[in-house]
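Asker: File protein12.txt below, compact mmCIF, C-alpha atoms and all ligand atoms:
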# COMPACT_ATOMS: atom_id res chain seq x y z
CA MET A 1 97.59 -8.33 -56.11
CA THR A 2 94.42 -9.61 -54.39
CA LEU A 3 90.89 -9.02 -55.67
CA ASN A 4 88.07 -9.13 -53.16
CA LEU A 5 85.00 -10.25 -55.09
CA LYS A 6 81.59 -8.67 -54.67
CA PRO A 7 78.84 -11.17 -53.77
CA SER A 8 77.70 -13.08 -56.87
CA LEU A 9 74.49 -11.95 -58.61
CA ASP A 10 73.92 -15.62 -59.35
CA SER A 11 72.31 -16.97 -56.18
CA THR A 12 72.80 -20.55 -57.38
CA ALA A 13 76.57 -20.10 -57.86
CA PRO A 14 78.61 -22.53 -55.76
CA LYS A 15 80.10 -20.77 -52.77
CA GLY A 16 83.79 -20.43 -53.50
CA PRO A 17 86.66 -18.20 -52.46
CA THR A 18 85.72 -14.54 -52.18
CA SER A 19 89.16 -13.34 -53.15
CA ILE A 20 91.52 -14.11 -56.01
CA THR A 21 95.24 -13.49 -55.93
CA ILE A 22 97.29 -12.61 -59.01
CA GLN A 23 100.88 -13.49 -58.38
CA GLY A 24 104.11 -14.89 -59.89
CA THR A 25 104.42 -14.60 -63.67
CA ASP A 26 100.75 -13.56 -63.95
CA LEU A 27 101.54 -10.55 -61.77
CA GLU A 28 104.72 -9.81 -63.79
CA ASP A 29 102.60 -9.89 -66.97
CA ALA A 30 100.02 -7.61 -65.37
CA LEU A 31 102.63 -5.00 -64.51
CA GLN A 32 104.63 -5.09 -67.75
CA TYR A 33 104.26 -4.09 -71.37
CA GLY A 34 102.64 -6.97 -73.23
CA PRO A 35 101.74 -8.13 -76.73
CA SER A 36 99.63 -5.69 -78.80
CA PRO A 37 96.77 -8.20 -79.36
CA GLY A 38 96.50 -8.78 -75.60
CA LEU A 39 97.72 -11.25 -72.97
CA VAL A 40 98.22 -14.68 -74.49
CA GLY A 41 96.36 -16.44 -71.65
CA LEU A 42 93.36 -14.15 -71.92
CA ARG A 43 93.11 -14.47 -75.70
CA GLY A 44 93.37 -18.23 -75.32
CA TRP A 45 90.58 -18.26 -72.75
CA LEU A 46 88.34 -16.04 -74.84
CA SER A 47 89.01 -18.06 -77.99
CA GLY A 48 87.76 -21.10 -76.08
CA LEU A 49 84.67 -19.16 -75.03
CA GLN A 50 83.90 -18.01 -78.58
CA GLU A 51 84.52 -21.51 -79.91
CA THR A 52 82.14 -23.04 -77.36
CA VAL A 53 79.34 -20.50 -77.50
CA HIS A 54 79.36 -19.70 -81.21
CA LYS A 55 80.36 -23.18 -82.37
CA ARG A 56 83.22 -21.81 -84.44
CA PRO A 57 86.23 -24.15 -84.16
CA ILE A 58 89.52 -22.39 -83.45
CA GLY A 59 91.55 -22.55 -86.64
CA ASP A 60 92.60 -20.35 -89.49
CA SER A 61 89.37 -18.54 -90.22
CA TRP A 62 89.18 -16.20 -87.23
CA GLY A 63 91.34 -14.52 -84.63
CA ILE A 64 90.84 -12.47 -81.51
CA THR A 65 92.29 -9.22 -80.17
CA MET A 66 91.80 -7.24 -76.98
CA GLY A 67 90.94 -3.55 -76.93
CA THR A 68 90.24 -0.71 -74.54
CA GLY A 69 86.50 -1.37 -74.71
CA SER A 70 84.61 -2.27 -77.84
CA GLN A 71 84.62 1.42 -78.69
CA ASP A 72 88.40 1.40 -79.18
CA LEU A 73 88.23 -1.75 -81.28
CA MET A 74 85.52 -0.42 -83.55
CA VAL A 75 87.39 2.81 -84.23
CA LYS A 76 90.43 0.78 -85.22
CA ALA A 77 88.37 -1.59 -87.36
CA PHE A 78 86.70 1.29 -89.20
CA GLY A 79 90.17 2.71 -89.85
CA ALA A 80 91.26 -0.65 -91.27
CA VAL A 81 88.20 -1.24 -93.46
CA LEU A 82 87.39 2.18 -94.83
CA ASN A 83 89.28 4.45 -97.15
CA ARG A 84 88.63 8.16 -96.76
CA GLY A 85 85.18 8.97 -98.16
CA ASP A 86 83.99 5.35 -98.40
CA PRO A 87 80.29 4.73 -97.80
CA ILE A 88 79.26 2.63 -94.82
CA LEU A 89 75.80 1.17 -94.10
CA LEU A 90 74.50 1.91 -90.60
CA GLU A 91 71.35 0.73 -88.91
CA ALA A 92 69.28 3.78 -88.10
CA PRO A 93 68.86 4.66 -85.29
CA LEU A 94 72.25 3.48 -84.04
CA TYR A 95 74.64 3.75 -81.10
CA ALA A 96 75.86 7.28 -81.63
CA GLY A 97 79.33 6.48 -80.27
CA VAL A 98 80.34 5.05 -83.65
CA LEU A 99 79.75 8.34 -85.45
CA PRO A 100 82.74 10.51 -84.44
CA SER A 101 85.32 8.05 -85.79
CA LEU A 102 83.34 7.61 -89.03
CA LYS A 103 83.19 11.37 -89.41
CA ASN A 104 86.96 11.58 -88.86
CA LEU A 105 87.31 9.17 -91.76
CA GLU A 106 84.93 11.36 -93.78
CA ALA A 107 82.88 8.23 -94.37
CA GLU A 108 79.61 8.60 -96.22
CA LEU A 109 76.97 7.58 -93.67
CA ILE A 110 74.17 5.55 -95.25
CA GLU A 111 71.13 5.00 -93.04
CA VAL A 112 69.27 1.69 -93.15
CA ASP A 113 66.02 1.99 -91.20
CA VAL A 114 65.35 -0.60 -88.51
CA ASP A 115 62.03 -2.33 -87.89
CA ASP A 116 60.86 -4.12 -84.74
CA GLN A 117 63.77 -6.61 -85.06
CA GLY A 118 66.45 -4.00 -85.63
CA LEU A 119 68.43 -4.02 -88.87
CA SER A 120 66.01 -4.89 -91.67
CA ALA A 121 67.18 -7.17 -94.49
CA LYS A 122 64.52 -5.66 -96.75
CA ASN A 123 65.67 -2.11 -96.16
CA LEU A 124 69.29 -3.16 -96.58
CA GLU A 125 68.47 -4.83 -99.90
CA ARG A 126 66.48 -1.78 -101.01
CA VAL A 127 69.41 0.57 -100.37
CA LEU A 128 71.87 -1.71 -102.16
CA ALA A 129 69.62 -2.60 -105.09
CA SER A 130 69.22 1.07 -105.95
CA TRP A 131 72.91 1.91 -105.49
CA PRO A 132 74.13 4.06 -108.41
CA THR A 133 76.36 2.02 -110.72
CA ASP A 134 78.99 4.75 -110.97
CA LYS A 135 79.35 5.17 -107.21
CA ARG A 136 81.81 3.45 -104.82
CA ARG A 137 79.90 0.61 -103.17
CA PRO A 138 79.73 0.10 -99.40
CA LYS A 139 81.99 -2.61 -97.97
CA ALA A 140 80.42 -2.99 -94.54
CA VAL A 141 77.24 -2.74 -92.50
CA TYR A 142 77.07 -2.00 -88.76
CA SER A 143 74.48 -3.48 -86.39
CA ASN A 144 73.93 -3.89 -82.65
CA PRO A 145 71.52 -6.84 -82.95
CA THR A 146 70.59 -7.69 -79.34
CA GLY A 147 68.84 -5.21 -77.05
CA CYS A 148 70.04 -2.52 -79.43
CA ASN A 149 71.19 0.82 -78.11
CA PRO A 150 68.96 2.82 -78.65
CA SER A 151 66.06 0.97 -80.34
CA GLY A 152 65.85 -1.87 -77.78
CA CYS A 153 65.21 -4.31 -80.65
CA SER A 154 66.65 -7.80 -81.00
CA ALA A 155 67.05 -9.75 -84.23
CA SER A 156 65.92 -13.37 -84.47
CA ARG A 157 68.04 -16.15 -85.99
CA GLU A 158 65.95 -15.97 -89.18
CA ARG A 159 66.41 -12.22 -89.45
CA LYS A 160 70.17 -12.53 -89.05
CA LEU A 161 70.30 -15.16 -91.78
CA GLU A 162 68.29 -12.89 -94.10
CA VAL A 163 70.70 -10.03 -93.42
CA LEU A 164 73.69 -12.31 -94.01
CA GLU A 165 72.18 -13.37 -97.36
CA VAL A 166 72.14 -9.71 -98.37
CA CYS A 167 75.76 -9.43 -97.19
CA ARG A 168 76.60 -12.39 -99.44
CA LYS A 169 74.81 -10.92 -102.42
CA TYR A 170 76.63 -7.60 -102.12
CA ASN A 171 79.89 -8.86 -100.57
CA LEU A 172 79.56 -6.92 -97.32
CA LEU A 173 81.36 -7.26 -94.01
CA MET A 174 78.94 -7.46 -91.06
CA ILE A 175 80.17 -5.40 -88.11
CA GLU A 176 78.33 -6.95 -85.18
CA GLU A 177 78.43 -5.21 -81.85
CA THR A 178 77.07 -7.16 -78.97
CA ASP A 179 77.76 -8.84 -75.64
CA TYR A 180 76.77 -11.87 -73.61
CA LEU A 181 73.82 -10.11 -72.02
CA SER A 182 70.71 -11.87 -73.20
CA SER A 183 68.99 -14.85 -71.73
CA PRO A 184 68.73 -17.18 -73.50
CA LEU A 185 71.72 -16.23 -75.67
CA GLN A 186 70.70 -15.69 -79.28
CA PRO A 187 72.78 -17.16 -82.14
CA SER A 188 75.11 -14.38 -83.21
CA TYR A 189 75.99 -13.22 -86.70
CA PHE A 190 79.42 -14.70 -85.94
CA GLU A 191 77.83 -18.09 -85.24
CA LEU A 192 75.55 -17.99 -88.28
CA GLU A 193 78.23 -16.69 -90.62
CA THR A 194 79.36 -20.10 -91.85
CA GLU A 195 75.80 -21.05 -92.90
CA VAL A 196 76.09 -18.32 -95.52
CA PHE A 197 79.87 -17.93 -95.91
CA PRO A 198 81.36 -21.43 -95.45
CA HIS A 199 84.89 -20.01 -95.27
CA GLY A 200 84.01 -17.14 -92.94
CA GLY A 201 85.71 -13.80 -93.49
CA HIS A 202 82.53 -11.67 -93.47
CA VAL A 203 81.64 -11.06 -89.82
CA ILE A 204 83.60 -9.22 -87.16
CA ARG A 205 82.10 -9.33 -83.69
CA PHE A 206 82.81 -6.81 -80.95
CA ASP A 207 82.24 -7.87 -77.34
CA SER A 208 82.48 -5.72 -74.27
CA VAL A 209 83.02 -6.56 -70.62
CA SER A 210 81.68 -3.14 -69.60
CA LYS A 211 78.28 -4.41 -68.48
CA LEU A 212 79.50 -7.86 -67.43
CA PHE A 213 82.41 -6.94 -65.13
CA SER A 214 83.05 -3.22 -65.02
CA ALA A 215 82.97 -0.38 -67.54
CA GLY A 216 85.95 1.20 -65.78
CA MET A 217 88.16 -1.76 -66.71
CA ARG A 218 87.91 -0.51 -70.31
CA LEU A 219 88.12 -3.93 -71.88
CA GLY A 220 86.58 -5.46 -74.97
CA PHE A 221 87.51 -8.04 -77.58
CA ALA A 222 87.07 -8.36 -81.31
CA THR A 223 86.60 -11.74 -82.99
CA GLY A 224 86.75 -12.06 -86.75
CA PRO A 225 88.74 -12.50 -89.96
CA LYS A 226 92.45 -12.83 -89.20
CA ALA A 227 93.53 -10.19 -91.71
CA LEU A 228 91.25 -7.64 -90.10
CA ILE A 229 92.28 -8.63 -86.58
CA ASN A 230 95.94 -8.21 -87.63
CA ALA A 231 95.17 -4.74 -88.99
CA ILE A 232 93.57 -3.83 -85.63
CA ASP A 233 96.70 -5.13 -83.89
CA VAL A 234 98.85 -2.81 -86.00
CA ALA A 235 96.60 0.07 -84.93
CA HIS A 236 97.05 -0.97 -81.26
CA ALA A 237 100.82 -1.03 -81.72
CA ALA A 238 100.77 2.41 -83.31
CA ASN A 239 98.27 4.08 -80.98
CA ASN A 240 98.59 2.72 -77.48
CA LEU A 241 100.85 -0.38 -77.72
CA HIS A 242 98.16 -2.50 -76.06
CA THR A 243 95.22 -2.47 -73.66
CA SER A 244 96.03 -2.17 -69.95
CA SER A 245 97.73 -5.39 -68.83
CA ILE A 246 96.33 -4.92 -65.34
CA SER A 247 92.73 -4.88 -66.60
CA GLN A 248 93.45 -7.91 -68.76
CA ALA A 249 95.07 -9.81 -65.89
CA VAL A 250 92.08 -9.07 -63.63
CA ALA A 251 89.66 -10.27 -66.33
CA LEU A 252 91.71 -13.42 -66.89
CA ALA A 253 91.85 -14.20 -63.17
CA LEU A 254 88.08 -13.85 -62.92
CA MET A 255 87.45 -15.93 -66.01
CA GLN A 256 89.79 -18.68 -64.87
CA HIS A 257 88.12 -18.60 -61.47
CA TRP A 258 84.67 -19.09 -63.06
CA GLY A 259 85.51 -21.26 -66.07
CA ILE A 260 83.28 -21.00 -69.16
CA LYS A 261 80.28 -22.41 -67.32
CA GLY A 262 80.65 -19.98 -64.45
CA PHE A 263 81.22 -17.07 -66.83
CA LEU A 264 78.01 -17.90 -68.71
CA ALA A 265 76.12 -18.32 -65.42
CA HIS A 266 77.37 -14.87 -64.40
CA SER A 267 76.28 -13.37 -67.77
CA THR A 268 72.85 -14.96 -67.37
CA ALA A 269 72.57 -13.57 -63.85
CA VAL A 270 73.44 -10.08 -65.13
CA ALA A 271 70.94 -10.49 -67.99
CA HIS A 272 68.26 -11.45 -65.43
CA PHE A 273 69.20 -8.49 -63.27
CA TYR A 274 68.52 -6.16 -66.22
CA ALA A 275 65.42 -8.10 -67.25
CA GLU A 276 63.88 -7.52 -63.82
CA ARG A 277 64.67 -3.82 -64.00
CA ARG A 278 63.31 -3.71 -67.54
CA GLU A 279 60.03 -5.26 -66.48
CA LYS A 280 59.48 -2.80 -63.62
CA PHE A 281 60.55 0.17 -65.72
CA GLU A 282 58.36 -0.77 -68.65
CA ALA A 283 55.33 -1.28 -66.37
CA LEU A 284 55.80 2.29 -65.12
CA ALA A 285 56.15 3.52 -68.70
CA HIS A 286 52.84 1.84 -69.60
CA LYS A 287 51.15 3.35 -66.55
CA HIS A 288 52.01 6.90 -67.59
CA LEU A 289 52.52 6.83 -71.35
CA ASP A 290 49.89 4.47 -72.72
CA GLY A 291 47.78 6.45 -75.16
CA LEU A 292 50.58 9.00 -75.62
CA ALA A 293 53.46 6.89 -76.93
CA THR A 294 54.48 3.40 -78.05
CA TRP A 295 57.68 1.34 -78.14
CA VAL A 296 58.98 -2.11 -79.05
CA SER A 297 59.11 -4.07 -75.80
CA PRO A 298 62.84 -4.87 -75.43
CA LYS A 299 63.96 -8.48 -74.85
CA ALA A 300 67.43 -7.38 -73.77
CA GLY A 301 69.49 -4.27 -73.16
CA MET A 302 68.75 -1.27 -70.94
CA PHE A 303 66.79 1.16 -73.09
CA LEU A 304 63.25 2.04 -74.07
CA TRP A 305 63.02 3.79 -77.42
CA ILE A 306 59.78 5.68 -77.05
CA ASP A 307 57.86 6.84 -80.12
CA MET A 308 55.78 9.92 -79.35
CA SER A 309 54.17 10.15 -82.80
CA PRO A 310 50.84 8.83 -81.41
CA SER A 311 50.69 12.21 -79.61
CA GLY A 312 51.20 14.04 -82.90
CA ILE A 313 54.85 14.83 -82.07
CA ASP A 314 57.15 14.39 -85.04
CA ASP A 315 60.25 16.10 -83.62
CA SER A 316 61.30 15.35 -80.03
CA MET A 317 64.26 17.74 -79.96
CA GLU A 318 62.78 20.79 -78.16
CA LEU A 319 60.46 18.69 -76.05
CA ILE A 320 63.22 16.48 -74.62
CA SER A 321 66.23 18.77 -74.54
CA LYS A 322 64.34 21.80 -73.13
CA GLU A 323 60.78 21.26 -71.92
CA ALA A 324 61.10 17.79 -70.32
CA LEU A 325 64.59 18.66 -69.04
CA ALA A 326 63.16 21.74 -67.29
CA LYS A 327 60.80 19.33 -65.48
CA GLY A 328 63.80 17.26 -64.38
CA VAL A 329 63.59 14.46 -66.98
CA LEU A 330 66.97 13.33 -68.25
CA ALA A 331 66.59 11.52 -71.59
CA VAL A 332 68.09 11.70 -75.05
CA PRO A 333 66.15 13.06 -78.04
CA GLY A 334 65.96 10.66 -80.97
CA PHE A 335 67.78 12.74 -83.59
CA VAL A 336 71.09 12.13 -81.76
CA PHE A 337 70.94 8.47 -82.87
CA TYR A 338 70.48 9.16 -86.57
CA PRO A 339 73.69 9.50 -88.56
CA LEU A 340 72.16 12.24 -90.70
CA LYS A 341 70.45 13.89 -87.73
CA ARG A 342 66.97 13.56 -89.16
CA LYS A 343 63.91 14.75 -87.25
CA SER A 344 62.75 12.04 -84.86
CA ALA A 345 59.60 11.48 -82.85
CA HIS A 346 61.53 9.25 -80.41
CA VAL A 347 63.21 9.63 -77.07
CA ARG A 348 65.65 7.14 -75.50
CA VAL A 349 65.31 6.47 -71.80
CA SER A 350 67.61 4.21 -69.84
CA PHE A 351 66.88 2.04 -66.83
CA SER A 352 70.45 0.98 -66.08
CA LEU A 353 70.96 3.23 -63.06
CA VAL A 354 67.69 5.02 -62.29
CA ASP A 355 66.05 4.40 -58.91
CA LEU A 356 63.04 2.28 -59.86
CA ASP A 357 61.17 2.85 -56.62
CA SER A 358 60.80 6.60 -56.92
CA GLU A 359 62.69 8.40 -59.69
CA ALA A 360 61.45 6.29 -62.62
CA GLU A 361 57.78 6.82 -61.78
CA LEU A 362 58.32 10.55 -61.31
CA GLY A 363 60.27 10.67 -64.57
CA PHE A 364 57.48 9.06 -66.60
CA GLN A 365 54.85 11.19 -64.87
CA ARG A 366 56.79 14.33 -65.84
CA LEU A 367 57.47 13.10 -69.37
CA ALA A 368 53.73 12.49 -69.80
CA GLU A 369 53.07 16.03 -68.52
CA ALA A 370 55.61 17.45 -70.96
CA ILE A 371 53.97 15.55 -73.84
CA ARG A 372 50.52 16.86 -72.85
CA ASP A 373 51.87 20.43 -72.56
CA LYS A 374 53.34 20.04 -76.04
CA ARG A 375 50.04 18.78 -77.40
CA ARG A 376 48.33 21.87 -75.95
CA GLN A 377 51.02 24.12 -77.47
CA MET A 378 50.38 22.47 -80.83
CA GLY A 379 46.63 22.94 -80.43
CA PHE A 380 45.85 19.20 -80.20
CA GLU A 381 44.20 19.45 -76.75
C1 LIG A 401 76.15 -0.30 -78.43
C2 LIG A 401 77.33 0.14 -77.63
N1 LIG A 401 78.54 0.00 -78.15
C3 LIG A 401 79.66 0.35 -77.48
C4 LIG A 401 79.59 0.89 -76.23
C5 LIG A 401 80.86 1.21 -75.52
O1 LIG A 401 81.36 -0.03 -75.05
P1 LIG A 401 82.75 -0.19 -74.34
O2 LIG A 401 82.58 0.26 -72.92
O3 LIG A 401 83.07 -1.65 -74.44
O4 LIG A 401 83.74 0.65 -75.08
C6 LIG A 401 78.34 1.08 -75.62
C7 LIG A 401 78.24 1.65 -74.30
O5 LIG A 401 77.18 1.78 -73.72
C8 LIG A 401 77.18 0.68 -76.34
O6 LIG A 401 75.96 0.81 -75.83
How does the structure come out when it is put into structure tokens?
Answerer:
Amino acid sequence: MTLNLKPSLDSTAPKGPTSITIQGTDLEDALQYGPSPGLVGLRGWLSGLQETVHKRPIGDSWGITMGTGSQDLMVKAFGAVLNRGDPILLEAPLYAGVLPSLKNLEAELIEVDVDDQGLSAKNLERVLASWPTDKRRPKAVYSNPTGCNPSGCSASRERKLEVLEVCRKYNLLMIEETDYLSSPLQPSYFELETEVFPHGGHVIRFDSVSKLFSAGMRLGFATGPKALINAIDVAHAANNLHTSSISQAVALALMQHWGIKGFLAHSTAVAHFYAERREKFEALAHKHLDGLATWVSPKAGMFLWIDMSPSGIDDSMELISKEALAKGVLAVPGFVFYPLKRKSAHVRVSFSLVDLDSEAELGFQRLAEAIRDKRRQMGFE
């Protein structure tokens, strides 16, 4: 099997072969059933990556497993951690893709409001300090701490340590969902874990290759406490035996081709690619929305989480799903990202695919028009 590589995004990358061949036993492995946790070579490579980047020596305290995207891994982790009806703490707003599996588990969804750095240690503490004594306590908290989908926020090192302190106080598992797409890379919860929990065991990290290689490969990996990783492996064995060996073999070939340094250079190049788009997109947003809306300027990710409350709008549902849509604006109303579907003044817009030279400007122009129409409807103008 031969892969023809697209030109590198990293213009400084050494010019190397433009194709990679998977053959011999690697090809046999790619075409066969394999171990539930994933191909041994790939897990070995990724363990080395996690050890290097997060400064967590390979040993007894953590393991790694492959999944069909981080989505698949999170569903299996929730199944392993939660009993039916258990409460779980969720940053709010949050990536709505985690909600269906939590609803299947009949989990009690507890919202913890974010601030401009995402998950707030103060709000987390407030929720836990007032937890009724006769009620089952939450075991875990979920956060997407870098370039969060949808809030665009990123947590600093200090913020993560504050959150981990709350996790220590209340014996919580941190479910960290992230990837290698920020430049410079921020210390992860997984990296900082041992400053608060010297023996580990309290952070599970979900990585995705969807934005680094290809979303269609459906590949992600979970890194965390061995007992939890083993429970995810049992879920793999029961549900789908394992993640596609072909996707894993392709990822391994690419990673071996690059080495850790090349992989990180590629991640940085992708992060810069999005940063450039972000800058252009945000400039257009300012041009059309200043005075009507505000947002936290994102340091990573591919979303603007736009707060329309400065225009007197406290519920974006009708405006975004009907009025702006009728003008040709495709965006997601804020309530979708709240576990309890509260009213929201926000809208999430994405710059991952939009044409920045024409469509984005038109989109913001039309969104501004829709906001002004709404203000007239409400008698504000
Ligand atoms: C925060 C977040 N988590 C998970 C996913 C799904 O990731 P994967 O493709 O690895 O399943 C996405 C997709 O956009 C996402 O934004």
Asker: Please, what distance in Å, to one decimal, runs between CA of Gly34 in chain A and CA of Ser244 in chain A?
Answerer: 8.8 Å
Asker: Using only C-alpha atoms and all ligand atoms, find each residue with an atom at most 8 Å away from ligand LIG 401 (chain A) and format the answer as JSON, numbers by chain.
Answerer: {"A": [68, 69, 70, 71, 72, 94, 95, 97, 98, 144, 148, 149, 150, 177, 178, 207, 208, 209, 210, 211, 215, 216, 218, 219, 220]}
Asker: Set the distance at 9 Å and use all atoms listed in the file: which residues neighbour range 12-19 of chain A once local chain neighbours fewer than 5 positions away are removed? I'd like the list as a list of chain:residue names.
Answerer: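 Surrounding residues, per the criterion: A:Thr2, A:Leu3, A:Asn4, A:Leu5, A:Lys6, A:Pro7, A:Gly262, A:Ala265, A:His266.
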Asker: Mind dumping the selected residues with C-alpha atoms as a compact mmCIF listing (two decimals), in the frame of the given file?
Answerer:
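And here's result.txt as it stands now:
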# COMPACT_ATOMS: atom_id res chain seq x y z
CA THR A 2 94.42 -9.61 -54.39
CA LEU A 3 90.89 -9.02 -55.67
CA ASN A 4 88.07 -9.13 -53.16
CA LEU A 5 85.00 -10.25 -55.09
CA LYS A 6 81.59 -8.67 -54.67
CA PRO A 7 78.84 -11.17 -53.77
CA GLY A 262 80.65 -19.98 -64.45
CA ALA A 265 76.12 -18.32 -65.42
CA HIS A 266 77.37 -14.87 -64.40
Asker: Could you work out how far CA of Gly301 in chain A lies from CA of Arg372 in chain A, giving the answer in Å with one decimal?
Answerer: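 Atom-to-atom, CA of Arg372 in chain A and CA of Gly301 in chain A are spaced 28.4 Å apart.
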Asker: At what distance in Å, to one decimal, does CA of Thr268 in chain A lie from CA of Tyr142 in chain A?
Answerer: 25.4 Å
Asker: Range 241-317 of chain A near range 360-364 of chain A within 12 Å: what's each residue's closest atom pair and its distance in Å to one decimal, counting only C-alpha atoms, ordered by chain then ascending residue number, as a Markdown table?
Answerer:
| residue | atom | partner | partner_atom | distance |
| --- | --- | --- | --- | --- |
| A:Arg277 | CA | A:Ala360 | CA | 10.7 |
| A:Arg278 | CA | A:Ala360 | CA | 11.3 |
| A:Lys280 | CA | A:Ala360 | CA | 9.4 |
| A:Phe281 | CA | A:Ala360 | CA | 6.9 |
| A:Glu282 | CA | A:Ala360 | CA | 9.8 |
| A:Ala283 | CA | A:Glu361 | CA | 9.6 |
| A:Leu284 | CA | A:Glu361 | CA | 6.0 |
| A:Ala285 | CA | A:Phe364 | CA | 6.1 |
| A:His286 | CA | A:Phe364 | CA | 9.1 |
| A:Lys287 | CA | A:Phe364 | CA | 8.5 |
| A:His288 | CA | A:Phe364 | CA | 6.0 |
| A:Leu289 | CA | A:Phe364 | CA | 7.2 |
| A:Asp290 | CA | A:Phe364 | CA | 10.8 |
| A:Leu292 | CA | A:Phe364 | CA | 11.4 |
| A:Ala293 | CA | A:Phe364 | CA | 11.3 |
| A:Leu304 | CA | A:Phe364 | CA | 11.8 |
| A:Ile306 | CA | A:Phe364 | CA | 11.2 |
Asker: Counting only C-alpha atoms, which residue out of A:Ser154, A:Ser321, A:Ser36, A:Ser297 sits closest to Val234 in chain A?
Answerer: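 Checking each candidate against Val234 in chain A, we get A:Ser36 as the closest.
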Asker: Skip His54 in chain A itself and residues of its chain fewer than 4 positions away, then list as a list in words all residues within 10 Å of it, counting all atoms listed in the file.
Answerer: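 Final neighbour list, sorted by chain and number: Gly48, Leu49, Gln50, Gln186, Pro187, Ser188, Tyr189, Phe190, Glu191, Leu192 and Glu193 of chain A.
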Asker: Find, counting all atoms listed in the file, the residue in A:Asp355, A:Asp116, A:Glu91, A:Asp60 that gets nearest to Trp305 in chain A.
Answerer: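 Going through A:Asp355, A:Asp116, A:Glu91, A:Asp60 one by one, the smallest distance to Trp305 in chain A is for A:Asp116.
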Asker: Can you put N, CA and C atoms back into range 153-168 of chain A and show it as a PDB file, keeping the file's coordinate frame?
Answerer:
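Once everything was written out, this is result-v9.pdb:
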ATOM      1  N   CYS A 153      65.637  -3.148 -79.861  1.00  0.00           N
ATOM      2  CA  CYS A 153      65.210  -4.310 -80.650  1.00  0.00           C
ATOM      3  C   CYS A 153      66.234  -5.436 -80.612  1.00  0.00           C
ATOM      4  N   SER A 154      65.762  -6.640 -80.870  1.00  0.00           N
ATOM      5  CA  SER A 154      66.650  -7.800 -81.000  1.00  0.00           C
ATOM      6  C   SER A 154      66.277  -8.566 -82.257  1.00  0.00           C
ATOM      7  N   ALA A 155      67.292  -9.022 -82.982  1.00  0.00           N
ATOM      8  CA  ALA A 155      67.050  -9.750 -84.230  1.00  0.00           C
ATOM      9  C   ALA A 155      66.984 -11.250 -83.964  1.00  0.00           C
ATOM     10  N   SER A 156      66.039 -11.913 -84.600  1.00  0.00           N
ATOM     11  CA  SER A 156      65.920 -13.370 -84.470  1.00  0.00           C
ATOM     12  C   SER A 156      66.997 -14.032 -85.343  1.00  0.00           C
ATOM     13  N   ARG A 157      67.122 -15.346 -85.162  1.00  0.00           N
ATOM     14  CA  ARG A 157      68.040 -16.150 -85.990  1.00  0.00           C
ATOM     15  C   ARG A 157      67.696 -15.960 -87.475  1.00  0.00           C
ATOM     16  N   GLU A 158      66.383 -16.062 -87.776  1.00  0.00           N
ATOM     17  CA  GLU A 158      65.950 -15.970 -89.180  1.00  0.00           C
ATOM     18  C   GLU A 158      66.313 -14.611 -89.762  1.00  0.00           C
ATOM     19  N   ARG A 159      66.092 -13.557 -88.971  1.00  0.00           N
ATOM     20  CA  ARG A 159      66.410 -12.220 -89.450  1.00  0.00           C
ATOM     21  C   ARG A 159      67.915 -12.100 -89.751  1.00  0.00           C
ATOM     22  N   LYS A 160      68.709 -12.657 -88.838  1.00  0.00           N
ATOM     23  CA  LYS A 160      70.170 -12.530 -89.050  1.00  0.00           C
ATOM     24  C   LYS A 160      70.572 -13.268 -90.325  1.00  0.00           C
ATOM     25  N   LEU A 161      69.952 -14.421 -90.552  1.00  0.00           N
ATOM     26  CA  LEU A 161      70.300 -15.160 -91.780  1.00  0.00           C
ATOM     27  C   LEU A 161      69.880 -14.371 -93.024  1.00  0.00           C
ATOM     28  N   GLU A 162      68.736 -13.710 -92.955  1.00  0.00           N
ATOM     29  CA  GLU A 162      68.290 -12.890 -94.100  1.00  0.00           C
ATOM     30  C   GLU A 162      69.294 -11.762 -94.363  1.00  0.00           C
ATOM     31  N   VAL A 163      69.731 -11.131 -93.266  1.00  0.00           N
ATOM     32  CA  VAL A 163      70.700 -10.030 -93.420  1.00  0.00           C
ATOM     33  C   VAL A 163      72.010 -10.574 -93.999  1.00  0.00           C
ATOM     34  N   LEU A 164      72.436 -11.743 -93.501  1.00  0.00           N
ATOM     35  CA  LEU A 164      73.690 -12.310 -94.010  1.00  0.00           C
ATOM     36  C   LEU A 164      73.580 -12.666 -95.492  1.00  0.00           C
ATOM     37  N   GLU A 165      72.389 -13.080 -95.909  1.00  0.00           N
ATOM     38  CA  GLU A 165      72.180 -13.370 -97.360  1.00  0.00           C
ATOM     39  C   GLU A 165      72.398 -12.096 -98.180  1.00  0.00           C
ATOM     40  N   VAL A 166      71.919 -10.982 -97.646  1.00  0.00           N
ATOM     41  CA  VAL A 166      72.140  -9.710 -98.370  1.00  0.00           C
ATOM     42  C   VAL A 166      73.645  -9.390 -98.368  1.00  0.00           C
ATOM     43  N   CYS A 167      74.298  -9.665 -97.252  1.00  0.00           N
ATOM     44  CA  CYS A 167      75.760  -9.430 -97.190  1.00  0.00           C
ATOM     45  C   CYS A 167      76.466 -10.281 -98.251  1.00  0.00           C
ATOM     46  N   ARG A 168      75.980 -11.519 -98.426  1.00  0.00           N
ATOM     47  CA  ARG A 168      76.600 -12.390 -99.440  1.00  0.00           C
ATOM     48  C   ARG A 168      76.376 -11.820-100.834  1.00  0.00           C
TER      49      ARG A 168
END
